[in-house]
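Written below as structure tokens is the structure these notes are about.
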Amino acid sequence: MQVNAHPRVRFSLRYKIIAILFGAMLVVLALGGTLFYSVARQQMLKSADKQAQLLAQQIELEVESSEAGQAYIDNLLGNELRIASIAIEKQLPPHWRDVTNEQLRQLSAELGVSGITLLAPTADDIVGVRSSDPREIGLSTRGMGKWYIAFRDLLAGRPQASTYGTAEKNYWSGPFANAASDPSKVDKWGYYYDGTTDYIIDPFYVQTSIPGYEQVVSVNSTIRHVLATEPDILSIAVLNKTFAEKPIRYSYKGVSWIDVANQPVMYGAYRYADHDLDVKLKDRALSTGHMQTALDRVGGTTVMKAFIPESEQGSQYVVEIVMNYRLITAQLAGLLHDMAILGGALLVLTAVLSFVGAELITRPLRRITEAVDEIADRNFATHVDVARSDEIGVLAAHVNEMSEKLVEYLRELTRRERGRGVDYLVMATQALVHELGTPLAAIRQMSELLPRLEPNLGQKAREILERMRSASEYANRIARDFTAFLRNGMLTVRRRDVVRLVSDAVGLCSSMAQSRHVKLSFRNETGQRHVYLEVDEDKLFGAIVNLVRNAIDAIPDDRARREVAVTVRIEEEELHIDVIDTGVGIPRERWDQIFVPYSSTKKSGLGLGLTFCGLIAIAHGGTVGVVQSSPQGTHIRMRLPLKHEPIQVDA
């Protein structure tokens with residue numbers, strides 16, 4: 001076997017110390033010429049950042065005020081449309097075919113709404129059948145997404161089922177949106193249906209017909225005012241969180257549009273575009289929740305771009321502010337006083353660099369020491385992450401190599417112990433089955449022979465003999481199946497509800513738990529009533545019963561808290577069956593040994609129960625093992641894949 005060569009020292013630790021000190025001296029000398037520019041520029045950027053943040057806060061307040069106004073108008077109009085719907089229903093016949101478009105136009109004028117449309121369900125759609133607006137007649141709603149779902153819920157008498165828009169009894173109203181019949185309009189609709197008509201009543205307002213609406217939505221006017229009074233602010237735009245993503249487009253009769261709620265630029269104008277940079281900064285601002293800035297050159301002008309995420313929600317939009325770079329250079333004169341403290345800062349920096357150099361040396365040594373302590377505490381899988389090519393790196397590599405070899409040795413030792421135990425178990429079981437075969441065959445023969453010798457046996461005696469014969473055949477079959485499972489892990493699998501199976505196993509153990517005064521509970525945390533898997537029902541049932549009984553037995557009689565909890569849950573592609581007790585616990589070094597044959601700690605136990613549990617779990621493509629154990633209790637988990645082919649266990 002080829003062994004990897006140990007890393008060699010390429011750069012001595014002693015030379016590294018010299019290099020660090022020499023580098024510190026060079027840094028001190030170099031900083032004398034460059035620190036002024038760096039500090040000055042940083043101060044300018046901070047000042048610009050602060051100005052951008054203040055401006056973004058002003059824009060955010062305007063957006064909040066606008067949204068509050070929109071919400072107020074939205075709720076107000078929704079209530080008005082509901083009242084109008086009820087009034088319309090009282091003045092129209094129950095069948096849409098008896099209604100005329102002229103009636104709807106007259107009702108619109110009388111009730112003060114922009115228009116009225118009647119929607120009726122068809123075999124696979126909900127369409128406009130009558131309307132005061134001819135463009136609404138024949139309008140299909142099937143492609144309207146959440147709106148179409150809300151219409152179906154309304155017709156089903158459960159408008160509250162929709163999580164989009166607002167709903168009341170017999171009524172649903174969506175937000176302001178572009179009209180499908182005329183995407184240039186932004187309308188507010190209400191939909192009423194109480195089952196007394198064969199249509200949905202749909203009164204609506206056109207946004208431009210709402211007095212004072214533009215005054216409420218004042219964000220754009222604020223942006224125009226800032227641009228007019230601040231010449232160094234070149235552009236302000238409020239970018240939707242979906243900016244640069246492919247927006248949802250709607251189409252009807254050849255006309256395509258983006259709904260008002262999905263517009264990439266919510267307010268302002270998007271200028272000085274550098275698409276890749278702008279998208280990157282916008283996404284970073286949303287993910288971090290902090291302002292992101294960058295210098296860019298667009299159209300021959302050097303600009304500073306600031307992207308400030310919404311401070312309240314943090315994920316709805318980003319305010320982009322583009323400033324002329326001369327705003328920063330104009331502040332340079334105010335930072336000249338920083339040069340007065342430059343000399344003292346250089347001296348302090350030398351001390352700091354020396355400290356950093358020492359820390360660079362001692363930090364990895366501390367990590368190695370901690371790793372060695374972990375290994376001493378039997379945590380043999382500990383790994384040291386030290387990416388160095390000096391003596392410290394070589395030492396870390398040796399520690400990792402030692403840890404890996406220890407883990408591999410322990411695994412091999414465990415495999416050997418389990419293998420020897422299972423081999424012996426197979427031989428002993430085969431011998432036992434062979435010895436049992438003779439008396440079982442004799443019982444079967446005598447049960448068949450006795451009726452011939454004694455033909456006058458009573459009916460009861462014949463029934464007993466028949467039961468003896470059936471029992472002997474069953475015993476023979478069980479012995480054969482058991483031997484076959486030990487030899488090749490063969491299973492008899494069928495599609496079964498594992499949740500029900502585990503529940504039944506817990507129920508079987510309930511009497512034992514009661515006799516031991518143990519509180520036994522079962523919880524299904526899969527989120528499903530049934531979880532069907534291809535399993536050998538009898539063997540898996542027996543394995544779970546064995547785990548639960550072991551958990552009950554692990555609780556001593558003098559333990560105050562006496563509980564065993566069995567939980568079934570789904571994590572990723574596995575079904576987890578957890579058995580948690582409040583027993584005495586299992587020492588860490590015996591976590592693997594308890595699944596080795598004949599390793600029982602019980603006075604009357606053979607140490608085979610958990611061995612069978614392990615074999616049965618493996619035969620189903622899963623595993624069983626200790627998750628955690630302490631003097632306060634033990635947590636054992638059986639993992640079964642949700643999708644697998646049952647395998648044969650190489651016993």
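If you're wondering about the labels, chains in the structure tokens are A, B, ... by order shown, residues count from 1 in each chain, ligands from 1 in order shown.
Residues surrounding region 628-636 of chain A within 6 Å are A:Asp578, A:Val579, A:Ile580, A:Asp581, A:Thr582, A:Gly583, A:Val584, A:Gly585, A:Ile586, A:Gly625, A:Val626 [only C-alpha atoms; sequence separation below 2 positions excluded].
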Q.
I want to know what sits within 7 Å of Leu640 (chain A), based on only C-alpha atoms, with residues of the same chain fewer than 6 positions away left out; could you give that as a list in words?
A.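 Near Leu640 (chain A), the qualifying residues are Glu574, Leu575, His576, His620, Gly621, Gly622 and Thr623 of chain A.
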Please write the residues from the selection above to a file, keeping C-alpha atoms, as a short mmCIF file (atom, residue, chain, number, x, y, z; two decimals), in the first residue's frame.
data_model
loop_
_atom_site.label_atom_id
_atom_site.label_comp_id
_atom_site.auth_asym_id
_atom_site.auth_seq_id
_atom_site.Cartn_x
_atom_site.Cartn_y
_atom_site.Cartn_z
CA GLU A 574 -34.87 9.26 5.53
CA LEU A 575 -37.50 8.12 8.03
CA HIS A 576 -36.16 8.45 11.58
CA HIS A 620 -33.89 -2.55 4.85
CA GLY A 621 -31.10 -0.27 3.60
CA GLY A 622 -30.88 1.67 6.86
CA THR A 623 -28.91 1.86 10.09
#
(Q) Residues near Ala387 (chain A), anyone? I mean within 10 Å using only C-alpha atoms, not counting same-chain ones fewer than 3 positions away, as a list in words. (A) Pro364, Val384, Asp390, Ile392, Gly393, Val394, Ala396 and Ala397 of chain A
Q: Run DSSP on the backbone and give me the residues of region 46-153 of chain A it puts in strand (DSSP E or B), as a list in words.
A: Gly115, Ile116, Thr117, Leu118, Leu119, Ala120, Pro121, Ile126, Val127, Gly128, Val129, Arg130, Ser131 and Ser140 of chain A
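Using only C-alpha atoms, the residues found no farther than 8 Å from region 119-126 of chain A, other than those of its own chain fewer than 2 positions away, are Trp96, Thr117, Gly128, Val129, Arg130, Ser140, Thr141, Arg142, Tyr148, Phe151, Asp198, Tyr199, Ile200, Ile201 and Asp202 of chain A.
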For N, CA and C atoms, I'd like the residues from the last selection saved as a tab-separated table (two decimals), in the first residue's frame.
chain	number	residue	atom	x	y	z
A	96	TRP	N	-77.57	35.97	-15.51
A	96	TRP	CA	-76.84	36.99	-16.27
A	96	TRP	C	-77.43	37.21	-17.67
A	117	THR	N	-68.80	44.70	-14.17
A	117	THR	CA	-68.69	43.52	-15.02
A	117	THR	C	-69.29	42.34	-14.28
A	128	GLY	N	-65.95	37.08	-18.49
A	128	GLY	CA	-66.85	38.21	-18.43
A	128	GLY	C	-67.99	38.04	-19.42
A	129	VAL	N	-69.23	38.09	-18.93
A	129	VAL	CA	-70.39	37.84	-19.80
A	129	VAL	C	-71.21	39.11	-20.04
A	130	ARG	N	-71.19	40.04	-19.12
A	130	ARG	CA	-71.86	41.33	-19.29
A	130	ARG	C	-70.98	42.39	-18.64
A	140	SER	N	-61.28	36.27	-20.49
A	140	SER	CA	-60.95	35.02	-19.78
A	140	SER	C	-60.10	35.33	-18.56
A	141	THR	N	-60.39	34.65	-17.46
A	141	THR	CA	-59.60	34.86	-16.22
A	141	THR	C	-58.73	33.66	-15.89
A	142	ARG	N	-58.74	32.62	-16.71
A	142	ARG	CA	-58.01	31.40	-16.38
A	142	ARG	C	-56.50	31.65	-16.24
A	148	TYR	N	-57.53	34.04	-10.45
A	148	TYR	CA	-58.43	32.97	-10.87
A	148	TYR	C	-58.71	32.00	-9.72
A	151	PHE	N	-61.24	33.59	-7.52
A	151	PHE	CA	-62.58	33.53	-8.09
A	151	PHE	C	-63.20	32.16	-7.81
A	198	ASP	N	-76.22	33.46	-10.75
A	198	ASP	CA	-75.31	32.55	-11.48
A	198	ASP	C	-74.12	33.31	-12.02
A	199	TYR	N	-73.75	34.42	-11.38
A	199	TYR	CA	-72.62	35.23	-11.81
A	199	TYR	C	-71.99	35.92	-10.60
A	200	ILE	N	-70.73	36.33	-10.80
A	200	ILE	CA	-70.01	37.14	-9.81
A	200	ILE	C	-70.18	38.61	-10.19
A	201	ILE	N	-70.53	39.45	-9.23
A	201	ILE	CA	-70.68	40.89	-9.46
A	201	ILE	C	-69.32	41.55	-9.26
A	202	ASP	N	-68.88	42.31	-10.26
A	202	ASP	CA	-67.52	42.89	-10.23
A	202	ASP	C	-67.58	44.39	-10.53
Q. Neighbours of Leu520 (chain A) within 10 Å (only C-alpha atoms; same-chain residues fewer than 3 positions away dropped), as a ChimeraX atom specification?
A. /A:506-507,509-514,517,548,552,562-566,581
**Q.** d(CA of Val226 (chain A), CA of Arg326 (chain A)) in Å
**A.** 17.8 Å
Q.
What's the separation between CA of Ile570 (chain A) and CA of Gly527 (chain A), in Å to one decimal place?
A. 8.4 Å
Q.
Calculated over only C-alpha atoms, which of the candidates A:Arg152, A:Arg559, A:Arg637, A:Lys241 has the smallest distance to Leu286 (chain A)?
A. A:Lys241
Q.
Give me, as a ChimeraX atom specification, all polymer residues having an atom no more than 8 Å from Arg105 (chain A), counting only C-alpha atoms and skipping those fewer than 2 positions away in the same chain.
A. /A:101-103,107-109,115-116,131-132
Q) What is the distance, in Å and to one decimal place, between CA of Gln53 (chain A) and CA of Phe307 (chain A)? A)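 CA of Phe307 (chain A) lies at a distance of 9.2 Å from CA of Gln53 (chain A).
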Q: Between A:Leu491, A:Asn220, A:Asp232, A:Tyr272, single out the one closest to Gln51 (chain A), counting only C-alpha atoms.
A: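 Of A:Leu491, A:Asn220, A:Asp232, A:Tyr272, the one nearest Gln51 (chain A), counting only C-alpha atoms, is A:Asp232.
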